[in-house]
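Here's the structure, in structure tokens; my notes come after.
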Amino acid sequence: MRYAMVIDTLKCVGCSDCVVACQTENDVPIGYCRDWITETVNGTYPNVDLEFKSERCNHCDNPPCVRCCPTGASHVVEGGIVLVTSNECIGCGACIESCPYDARYQHPDGYVDKCTFCHHRLEKGQLPACVEVCPTKCMYFGDLDNPNSEVSKLLKNRKHKTLAPEAGTKPHIFYLI
Amino acid sequence: MLHNLNTLDDKSHLFYNFSHLTLPLIYITLIYFKLNMNTSRRKFIKVGALGIGSAMVATSAINVFGSNKNANKFIAKSIPVNLKRTATYCEVCFWKCAAWVHSDGDSHIQKIIGNDDDPHCNGRLCPRGTGGVGMYNDEDRLKTPLIRTTINGEETFREASWDEALDLIANKFKGIKEKYGAEALGLLKHGCPGWHFEHLFKSYGSDTIAEPAFAQCRGPRETAFSLTFGSWVGSPEPTDIRDTKCLVLIGSHIGENMHNTQVQEMSEAIDNGATIITVDPRFSTAASKSKHWLAIKPATDIALLLAWMNVLIEEGLYDKAYVEKYALGFDELKEHVHQFTPEWAYGITTIKPEVIRKTAREMAHAAPAVIIHPGRHVVWYGDDTQRERAIAILNGLLGSWGRRGGFYFKEKISIPNFPHPAYPHPKWDWKDIGENYPLAQMGLTNEIIRSSIPSENPKYPVKAWMVAGTNLIKSIPDTKQLEAAIDALEFMVVIDTMPMDITGYADVILPECTYLERADIVRSATNREPSIAVRFPAVKPKYKTKPGAWIAREIGIRLGLKDYYQYDDFNEVIDWQLKELGTSREEMEKIGVKKYPRKSGPMYLNEDEVHEFGTASGKIEFYSQELKDLGFDPLPKYTPHPEPPQGFYRLNYGRSPMHTFSRTSNNPNLTDLKDENNLWVNPKVARIVGLKTGQRVWLSNQDDIISTFSIKVRITERVRWDSVYLVHGFGNDNKKLSRSYGKGIDDTQMISKIFVDPIMGGTGMRGNFVKILIENPHKAIEV
């Protein structure tokens with residue numbers, strides 16, 4: 001089992017619904033977020049290119065945040081999901097510094113927080129809140145170890161990229177381009 | 001004199017952002033605005049006018065929505081509770097998606113999730129619907145009835161009981177009716193609350209009713225499509241996007257307007273490999289999804305549409321069988337567009353002839369599964385009905401009306417009216433007020449406003465207004481005229497959930513509870529298959545707020561209209577209606593949405609049968625005798641529009657996906673994503689004017705109207721060098737809106753020149769030009 005998220009940038013309109021859905025699903029306080037949208041513009045008018053990306057923790061195979069955590073609060077669970085046990089976290093912030101995706105933030109209650117792939121929903125057989133809410137259905141979630149899963153097929157058939165591959169973290173958020 | 005505003009808020013904003021974007025920044029900028037003396041009778045009441053500038057991350061290429069910027073704030077975690085789910089439909093915009101509210105049933109809402117069975121959302125709300133919880137939680141909400149009063153020579157609002165406020169309204173209404181007739185009471189409304197007050201007004205003998213949805217939004221397309229196909233486009237639009245092979249958007253920015261089904265289906269069309277063609281001077285989100293982006297010179301769309309018709313006809317690419325069978329006036333059209341070659345259009349639109357030909361051929365290739373989208377907010381230059389006629393005719397040539405992948409025949413369930421006596425017949429109504437515009441199909445807000453100004457010598461004078469659920473200051477252009485009308489009114493009551501700008505002008509403000517706290521009318525809308533949706537309260541009304549249904553009835557009873565309110569509680573009406581519709585409260589609480597089979601026949605034309613269109617001739621009318629008889633062009637023509645003079649830029653405006661006009665501009669969840677608008681400026685313009693991204697500027701328009709607030713510059717290649725662009729709905733001028741006051745510029749404030757459509761009375765708003773001011777024209781004292 002290896003969970004991954006595949007996001008189709010050709011469909012994403014950058015509406016940020018994934019951000020709001022995550023906030024309300026996961027009680028993320030206003031002013032904070034576990035996922036966010038970036039908008040990148042290239043070219044010169046009228047030869048312009050625009051790309052929206054919904055970004056979050058990449059649940060890396062080689063997660064620097066887990067390696068540098070002094071208490072073991074940051075850890076990897078089944079399916080490759082990187083989690084933080086909040087009551088073991090001392091809020092030192094080493095993981096925040098180590099993450100090449102800036103995916104972690106200090107929760108006002110003192111611990112470090114980030115995307116969990118909606119672990120609590122997966123346990124109930126539900127999709128992550130961001131995937132389920134997306135009006136363009138540009139986000140896909142599933143098991144890369146299963147060659148017949150939608151995510152496996154999309155990555156097999158479509159051109160894609162990851163963020164900061166040079167960091168060697170083996171990220172598991174893929175962007176179809 | 002307005003109010004003492006000398007209390008400077010010593011408030012700082014700490015911004016923490018991701019390290020690859022910026023370093024943590026602390027900015028404290030306080031700007032103190034001097035206030036002008038206001039000599040009008042109806043002074044705008046606001047608590048203060050303190051602007052707090054702030055800094056935000058921005059680079060030339062990357063824009064971020066959502067960031068961990070409140071890292072220093074302690075925010076209490078919500079308490080886990082046993083949640084129940086309640087059926088509702090959204091009221092954050094007009095799309096009215098059905099949803100489930102997950103709440104404790106009392107005072108805590110966890111989340112709002114789309115109803116899977118709803119054809120408006122298919123289980124997926126947009127960011128505004130998901131963030132609708134912020135409407136309930138917003139601590140700046142209107143909390144209690146307020147009545148205008150004078151204390152120590154200064155006008156202000158005082159808190160009042162519901163009884164006192166309602167009695168006052170009823171007495172004032174009775175006085176107006178006695179003096180001028182009930183017709184002199186005007187209702188300007190939007191959304192569900194509008195329905196309740198419409199019933200109240202009609203019962204009392206006034207049909208002086210209008211909403212900005214017509215003359216400030218989609219009116220031209222409804223009139224044009226009625227003239228051509230004998231049918232409104234309506235809402236939601238019956239565009240068969242999911243099955244289309246070619247979607248053509250004329251300035252319509254689906255994806256930035258989050259009209260949910262449209263966005264969802266456009267995404268499906270992308271998956272299906274449909275061709276998208278976008279005509280827009282700005283590189284919209286939709287343009288970025290398009291095979292062809294036609295970066296047209298603003299205000300020249302009709303020339304392009306005529307040239308497309310020319311290519312389809314000259315090259316014999318139009319649907320000959322369809323046109324022969326269903327259309328009237330093809331020969332006149334052919335002769336008319338013969339001269340409008342792509343070469344002719346090139347000089348006007350700057351779109352190359354080969355591109356015009358190529359795109360026309362692609363449309364014809366996809367036909368009839370092609371949609372030239374009518375758009376929604378289409379009041380641009382005053383010849384908008386004619387542009388929409390050109391769009392309708394083009395669809396007719398391609399045979400897309402009534403065809404799969406084009407436009408389907410919509411159907412809705414009619415909700416039975418709870419029994420009441422017939423409404424009295426007013427001596428005059430919205431039709432009479434709008435009589436100068438023969439094809440206005442709904443009330444014209446702008447004509448009701450004009451009729452409220454005595455110096456205009458109106459034939460049908462309006463003396464008092466009720467404003468329900470619409471922030472007129474942001475929705476009606478030409479603020480000067482609007483303020484003149486308000487100033488002349490004998491009485492004005494405003495009903496809203498938030499202290500929007502318009503509430504500051506009211507004599508009485510009534511706080512409505514949000515859609516999450518009330519039961520409401522049963523939703524029915526046109527779709528592929530008819531459906532109904534219900535709205536039940538998920539939580540108790542906060543503060544002293546009340547549902548619109550209750551407010552309207554209470555006023556009605558006080559006006560002696562008991563016969564029109566033969567129930568004690570609006571829930572009785574809902575129960576009766578649901579029973580009539582073959583269902584029940586118990587069933588609807590469980591399912592939220594109920595679908596019904598179609599009764600009007602198939603969704604598409606049956607080619608073997610004769611089809612009668614709703615036009616006078618029963619045919620699709622390319623050539624409009626009706627327009628001709630009224631003295632208008634029977635076929636659309638291109639007319640040049642004014643261009644910005646030296647140093648000025650055309651002011652274009654639009655939507656952002658996370659906001660609905662000004663309605664959401666203070667919503668805590670949605671301001672978290674976007675708390676102000678930016679001025680989009682092309683890098684060439686930025687070089688000439690000397691601008692940097694993030695810099696604050698002010699605007700001044702062709703009539704020397706200067707923006708009250710400033711706006712941050714966004715330098716981007718997504719906008720043309722002859723225009724600037726900003727998102728509508730920002731720049732709120734009421735300090736009670738703590739998150740949105742003074743944030744950004746209100747485009748409506750800069751729209752003082754209106755191009756009225758002579759056919760249907762729409763207010764064209766895209767012909768205003770602005771200068772960019774680098775120095776603060778209000779001579780601010782910066783601390």
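Residues are named by chain letter and number: chains run A, B, ... in the order of the structure tokens, numbers start at 1 in each chain, and ligands are numbered from 1 in the order shown.
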
Residues of chain A within 6 Å of chain B, using only C-alpha atoms, as a PyMOL selection string? chain A and resi 11+13+15+17+24+31-33+36-41+44-45+50+102+108+133+135-136

How would the residues just picked look written out with N, CA and C atoms as a PDB file, in the first residue's frame?
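Written output follows (selection36.pdb):
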ATOM      1  N   LYS A  11      -6.979  20.909 -15.338  1.00  0.00           N
ATOM      2  CA  LYS A  11      -8.364  21.138 -14.921  1.00  0.00           C
ATOM      3  C   LYS A  11      -8.486  22.107 -13.741  1.00  0.00           C
ATOM      4  N   VAL A  13      -8.732  25.120 -11.439  1.00  0.00           N
ATOM      5  CA  VAL A  13      -8.972  26.541 -11.699  1.00  0.00           C
ATOM      6  C   VAL A  13      -8.485  27.414 -10.533  1.00  0.00           C
ATOM      7  N   CYS A  15      -9.491  27.548  -7.403  1.00  0.00           N
ATOM      8  CA  CYS A  15     -10.579  28.177  -6.643  1.00  0.00           C
ATOM      9  C   CYS A  15     -10.344  28.142  -5.141  1.00  0.00           C
ATOM     10  N   ASP A  17     -11.080  25.774  -3.060  1.00  0.00           N
ATOM     11  CA  ASP A  17     -12.068  25.005  -2.314  1.00  0.00           C
ATOM     12  C   ASP A  17     -11.377  23.956  -1.447  1.00  0.00           C
ATOM     13  N   THR A  24     -12.230  23.244   7.340  1.00  0.00           N
ATOM     14  CA  THR A  24     -13.435  22.889   8.096  1.00  0.00           C
ATOM     15  C   THR A  24     -13.412  21.408   8.494  1.00  0.00           C
ATOM     16  N   GLY A  31      -6.572  31.524   9.415  1.00  0.00           N
ATOM     17  CA  GLY A  31      -5.238  32.129   9.415  1.00  0.00           C
ATOM     18  C   GLY A  31      -4.148  31.095   9.214  1.00  0.00           C
ATOM     19  N   TYR A  32      -4.541  29.822   9.189  1.00  0.00           N
ATOM     20  CA  TYR A  32      -3.588  28.737   8.972  1.00  0.00           C
ATOM     21  C   TYR A  32      -4.111  27.840   7.852  1.00  0.00           C
ATOM     22  N   CYS A  33      -3.228  27.040   7.290  1.00  0.00           N
ATOM     23  CA  CYS A  33      -3.739  26.085   6.315  1.00  0.00           C
ATOM     24  C   CYS A  33      -2.793  24.910   6.172  1.00  0.00           C
ATOM     25  N   TRP A  36      -2.695  24.716   0.129  1.00  0.00           N
ATOM     26  CA  TRP A  36      -2.791  26.060  -0.411  1.00  0.00           C
ATOM     27  C   TRP A  36      -2.645  25.999  -1.930  1.00  0.00           C
ATOM     28  N   ILE A  37      -2.956  27.104  -2.587  1.00  0.00           N
ATOM     29  CA  ILE A  37      -2.907  27.161  -4.051  1.00  0.00           C
ATOM     30  C   ILE A  37      -1.789  28.105  -4.482  1.00  0.00           C
ATOM     31  N   THR A  38      -1.022  27.684  -5.469  1.00  0.00           N
ATOM     32  CA  THR A  38      -0.092  28.641  -6.080  1.00  0.00           C
ATOM     33  C   THR A  38      -0.494  28.853  -7.536  1.00  0.00           C
ATOM     34  N   GLU A  39      -0.252  30.066  -7.975  1.00  0.00           N
ATOM     35  CA  GLU A  39      -0.572  30.426  -9.358  1.00  0.00           C
ATOM     36  C   GLU A  39       0.731  30.857 -10.014  1.00  0.00           C
ATOM     37  N   THR A  40       1.102  30.230 -11.092  1.00  0.00           N
ATOM     38  CA  THR A  40       2.352  30.571 -11.780  1.00  0.00           C
ATOM     39  C   THR A  40       2.041  31.050 -13.195  1.00  0.00           C
ATOM     40  N   VAL A  41       2.564  32.211 -13.523  1.00  0.00           N
ATOM     41  CA  VAL A  41       2.332  32.775 -14.857  1.00  0.00           C
ATOM     42  C   VAL A  41       3.669  32.863 -15.579  1.00  0.00           C
ATOM     43  N   THR A  44       4.777  36.151 -22.211  1.00  0.00           N
ATOM     44  CA  THR A  44       4.514  37.561 -22.438  1.00  0.00           C
ATOM     45  C   THR A  44       3.193  37.689 -23.180  1.00  0.00           C
ATOM     46  N   TYR A  45       2.367  38.643 -22.789  1.00  0.00           N
ATOM     47  CA  TYR A  45       1.081  38.863 -23.444  1.00  0.00           C
ATOM     48  C   TYR A  45       1.289  38.998 -24.949  1.00  0.00           C
ATOM     49  N   LEU A  50      -0.492  29.733 -17.785  1.00  0.00           N
ATOM     50  CA  LEU A  50      -0.924  29.875 -16.397  1.00  0.00           C
ATOM     51  C   LEU A  50      -1.105  28.494 -15.792  1.00  0.00           C
ATOM     52  N   ASP A 102       7.578  23.557   2.556  1.00  0.00           N
ATOM     53  CA  ASP A 102       6.963  24.467   3.536  1.00  0.00           C
ATOM     54  C   ASP A 102       5.561  24.009   3.900  1.00  0.00           C
ATOM     55  N   PRO A 108      -1.472  27.038  16.857  1.00  0.00           N
ATOM     56  CA  PRO A 108      -1.493  27.907  18.039  1.00  0.00           C
ATOM     57  C   PRO A 108      -1.473  27.137  19.356  1.00  0.00           C
ATOM     58  N   VAL A 133     -14.131  17.402  -2.349  1.00  0.00           N
ATOM     59  CA  VAL A 133     -14.867  18.654  -2.563  1.00  0.00           C
ATOM     60  C   VAL A 133     -14.598  19.264  -3.935  1.00  0.00           C
ATOM     61  N   PRO A 135     -14.543  20.942  -7.177  1.00  0.00           N
ATOM     62  CA  PRO A 135     -15.579  21.047  -8.201  1.00  0.00           C
ATOM     63  C   PRO A 135     -15.112  20.614  -9.592  1.00  0.00           C
ATOM     64  N   THR A 136     -13.817  20.681  -9.852  1.00  0.00           N
ATOM     65  CA  THR A 136     -13.330  20.295 -11.183  1.00  0.00           C
ATOM     66  C   THR A 136     -12.906  18.826 -11.215  1.00  0.00           C
TER      67      THR A 136
END

Might you pull out every residue within 9 Å of B:Lys297, with only C-alpha atoms counted and same-chain residues fewer than 4 positions away left off, and present them as a list in words? Asp280, Pro281, Asp301, Ile348, Thr349, Thr350, Ile351, Arg720 and Asp722 of chain B

Can you check which residues of stretch 160-322 of chain B DSSP gives as helix (DSSP H, G or I) on the backbone and send them as JSON, numbers by chain? {"B": [162, 163, 164, 165, 166, 167, 168, 169, 170, 171, 172, 173, 174, 175, 176, 177, 178, 179, 180, 182, 183, 184, 191, 192, 193, 194, 195, 196, 197, 198, 199, 200, 201, 202, 203, 204, 212, 213, 214, 215, 216, 217, 218, 219, 220, 221, 222, 223, 224, 225, 226, 227, 228, 229, 241, 242, 243, 260, 261, 262, 263, 264, 265, 266, 267, 268, 269, 270, 271, 285, 286, 287, 288, 301, 302, 303, 304, 305, 306, 307, 308, 309, 310, 311, 312, 313, 314, 320, 321, 322]}

Give the answer as one residue: which of B:Phe201, B:Phe570, B:Tyr408, B:Trp95 has the shortest atom-to-atom distance to B:Val467, using only C-alpha atoms?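 Closest candidate: B:Phe201.
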
Report as a PyMOL selection string all protein, DNA and RNA residues lying within 9 Å of A:Glu88, evaluated on only C-alpha atoms, omitting residues in the same chain fewer than 5 positions from it. chain A and resi 71-74+111

List as a list in words the protein and nucleic acid residues near stretch 415-426 of chain B, meaning an atom at most 6 Å away when only C-alpha atoms are counted, but skip any in the same chain fewer than 6 places from it. Lys202, Ser203, Gly205, Ser206 and Tyr564 of chain B

As a list in words, please: the residues near B:Asn272 (cut-off 9 Å, only C-alpha atoms, same-chain neighbours under 5 positions excluded). Arg242, Asp243, Thr244, Lys245 and Ser267 of chain B

Using N, CA and C atoms, can you export the residues from the last selection as a short mmCIF file (atom, residue, chain, number, x, y, z; two decimals), in the first residue's frame?
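Result went into part-v2.cif, see below:
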data_model
loop_
_atom_site.label_atom_id
_atom_site.label_comp_id
_atom_site.auth_asym_id
_atom_site.auth_seq_id
_atom_site.Cartn_x
_atom_site.Cartn_y
_atom_site.Cartn_z
N ARG B 242 -21.28 19.42 -20.56
CA ARG B 242 -20.64 18.11 -20.33
C ARG B 242 -20.54 17.28 -21.61
N ASP B 243 -21.45 17.51 -22.55
CA ASP B 243 -21.44 16.74 -23.79
C ASP B 243 -20.99 17.55 -25.00
N THR B 244 -20.45 18.73 -24.75
CA THR B 244 -20.10 19.57 -25.89
C THR B 244 -18.75 19.16 -26.48
N LYS B 245 -18.57 19.50 -27.74
CA LYS B 245 -17.26 19.27 -28.37
C LYS B 245 -16.51 20.58 -28.52
N SER B 267 -14.90 21.22 -16.72
CA SER B 267 -13.83 20.29 -16.39
C SER B 267 -14.07 18.93 -17.07
#

Find the residues around A:His119 up to 9 Å (only C-alpha atoms counted), leave out those fewer than 3 positions away in its own chain, and share them as a PyMOL selection string. chain A and resi 81+83+116+122-124+128

Between atom CA of B:Leu142 and atom CA of B:Lys542, what is the spacing in Å?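 Separating atom CA of B:Lys542 from atom CA of B:Leu142 is a distance of 9.8 Å.
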
In terms of the shortest atom-to-atom distance over only C-alpha atoms, which of B:Leu398, B:Ala321, B:Ile715, B:Leu328 is closest to B:Ala686?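 Looking at the shortest contact to B:Ala686, the residue is B:Ile715.
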
Show which residues sit within 12 Å of B:Leu482, as an MDAnalysis selection string. Count only C-alpha atoms, and ignore same-chain residues fewer than 5 positions away. chainID B and resid 445:453 471:477 487:489 502 505 748:749 752

Kindly export the residues of the current selection with N, CA and C atoms, as an mmCIF file, in the first residue's frame.
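To be explicit, this is the file written out as result_22.cif:
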data_model
loop_
_atom_site.group_PDB
_atom_site.id
_atom_site.type_symbol
_atom_site.label_atom_id
_atom_site.label_comp_id
_atom_site.auth_asym_id
_atom_site.auth_seq_id
_atom_site.Cartn_x
_atom_site.Cartn_y
_atom_site.Cartn_z
ATOM 1 N N THR B 445 -33.866 48.272 -11.893
ATOM 2 C CA THR B 445 -33.435 48.976 -10.675
ATOM 3 C C THR B 445 -33.132 50.441 -10.984
ATOM 4 N N ASN B 446 -32.416 50.648 -12.088
ATOM 5 C CA ASN B 446 -31.983 52.001 -12.424
ATOM 6 C C ASN B 446 -33.169 52.927 -12.697
ATOM 7 N N GLU B 447 -34.274 52.386 -13.215
ATOM 8 C CA GLU B 447 -35.435 53.227 -13.467
ATOM 9 C C GLU B 447 -36.228 53.484 -12.181
ATOM 10 N N ILE B 448 -36.236 52.517 -11.279
ATOM 11 C CA ILE B 448 -36.855 52.766 -9.968
ATOM 12 C C ILE B 448 -36.039 53.830 -9.230
ATOM 13 N N ILE B 449 -34.731 53.750 -9.364
ATOM 14 C CA ILE B 449 -33.860 54.737 -8.713
ATOM 15 C C ILE B 449 -34.122 56.130 -9.301
ATOM 16 N N ARG B 450 -34.176 56.206 -10.628
ATOM 17 C CA ARG B 450 -34.427 57.496 -11.277
ATOM 18 C C ARG B 450 -35.804 58.040 -10.875
ATOM 19 N N SER B 451 -36.761 57.152 -10.773
ATOM 20 C CA SER B 451 -38.118 57.572 -10.413
ATOM 21 C C SER B 451 -38.228 58.012 -8.958
ATOM 22 N N SER B 452 -37.156 57.812 -8.201
ATOM 23 C CA SER B 452 -37.166 58.243 -6.797
ATOM 24 C C SER B 452 -36.574 59.634 -6.632
ATOM 25 N N ILE B 453 -36.109 60.227 -7.739
ATOM 26 C CA ILE B 453 -35.477 61.550 -7.672
ATOM 27 C C ILE B 453 -36.474 62.602 -8.171
ATOM 28 N N ASN B 471 -26.567 44.671 -1.755
ATOM 29 C CA ASN B 471 -25.787 45.836 -1.347
ATOM 30 C C ASN B 471 -25.717 46.804 -2.535
ATOM 31 N N LEU B 472 -26.746 47.650 -2.645
ATOM 32 C CA LEU B 472 -26.886 48.504 -3.833
ATOM 33 C C LEU B 472 -25.651 49.342 -4.122
ATOM 34 N N ILE B 473 -24.943 49.744 -3.068
ATOM 35 C CA ILE B 473 -23.768 50.610 -3.266
ATOM 36 C C ILE B 473 -22.742 49.921 -4.159
ATOM 37 N N LYS B 474 -22.685 48.596 -4.060
ATOM 38 C CA LYS B 474 -21.734 47.842 -4.883
ATOM 39 C C LYS B 474 -22.384 47.308 -6.164
ATOM 40 N N SER B 475 -23.706 47.181 -6.174
ATOM 41 C CA SER B 475 -24.320 46.534 -7.344
ATOM 42 C C SER B 475 -24.852 47.525 -8.366
ATOM 43 N N ILE B 476 -25.029 48.783 -7.977
ATOM 44 C CA ILE B 476 -25.593 49.768 -8.904
ATOM 45 C C ILE B 476 -24.543 50.811 -9.271
ATOM 46 N N PRO B 477 -24.236 50.953 -10.556
ATOM 47 C CA PRO B 477 -23.260 51.976 -10.946
ATOM 48 C C PRO B 477 -23.857 53.383 -10.835
ATOM 49 N N ASP B 487 -31.281 59.983 -0.907
ATOM 50 C CA ASP B 487 -31.410 61.225 -0.165
ATOM 51 C C ASP B 487 -32.838 61.768 -0.221
ATOM 52 N N ALA B 488 -33.509 61.512 -1.340
ATOM 53 C CA ALA B 488 -34.851 62.061 -1.527
ATOM 54 C C ALA B 488 -35.942 61.172 -0.925
ATOM 55 N N LEU B 489 -35.590 59.956 -0.580
ATOM 56 C CA LEU B 489 -36.614 59.029 -0.082
ATOM 57 C C LEU B 489 -37.197 59.511 1.248
ATOM 58 N N ILE B 502 -24.782 49.612 2.158
ATOM 59 C CA ILE B 502 -26.123 50.162 1.980
ATOM 60 C C ILE B 502 -26.840 50.358 3.322
ATOM 61 N N TYR B 505 -27.203 53.845 4.996
ATOM 62 C CA TYR B 505 -28.129 54.862 4.484
ATOM 63 C C TYR B 505 -29.560 54.659 4.989
ATOM 64 N N THR B 748 -17.303 49.592 -8.597
ATOM 65 C CA THR B 748 -18.573 50.297 -8.840
ATOM 66 C C THR B 748 -18.428 51.794 -8.575
ATOM 67 N N GLN B 749 -17.621 52.141 -7.608
ATOM 68 C CA GLN B 749 -17.391 53.560 -7.311
ATOM 69 C C GLN B 749 -16.794 54.278 -8.524
ATOM 70 N N SER B 752 -18.942 55.636 -13.184
ATOM 71 C CA SER B 752 -19.895 56.744 -13.115
ATOM 72 C C SER B 752 -20.546 56.982 -14.465
#

Of the candidates A:Asn87, A:Glu25, A:Asn62, A:Arg56, which shows the shortest atom-to-atom distance to A:His120, using only C-alpha atoms? A:Glu25

In terms of only C-alpha atoms, the residue from A:Val131, A:Cys115, A:Met1, A:Ile7 at minimal distance from A:Arg158 is A:Ile7

To one decimal place, how far is atom CA of B:Arg585 from atom CA of B:Ile413 in Å?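 Separation of atom CA of B:Arg585 and atom CA of B:Ile413: 17.4 Å.
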
As a VMD selection string, which residues of stretch 385-566 of chain B does DSSP assign to strand (DSSP E or B)? chain B and resid 401 407 411 464 to 468 491 to 496 508 to 512 523 to 524 527 531 to 533 546

Atomic separation - atom CA of B:Arg218 relative to atom CA of B:Val713, Å: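 Taking atom CA of B:Val713 as the start and atom CA of B:Arg218 as the end point, the length is 29.9 Å.
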
Which residue out of B:Phe536, B:Phe229, B:Trp100, B:Tyr136 has the minimum interatomic distance to B:Thr514 when only C-alpha atoms are used?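 Distance minimum relative to B:Thr514 lands on B:Tyr136.
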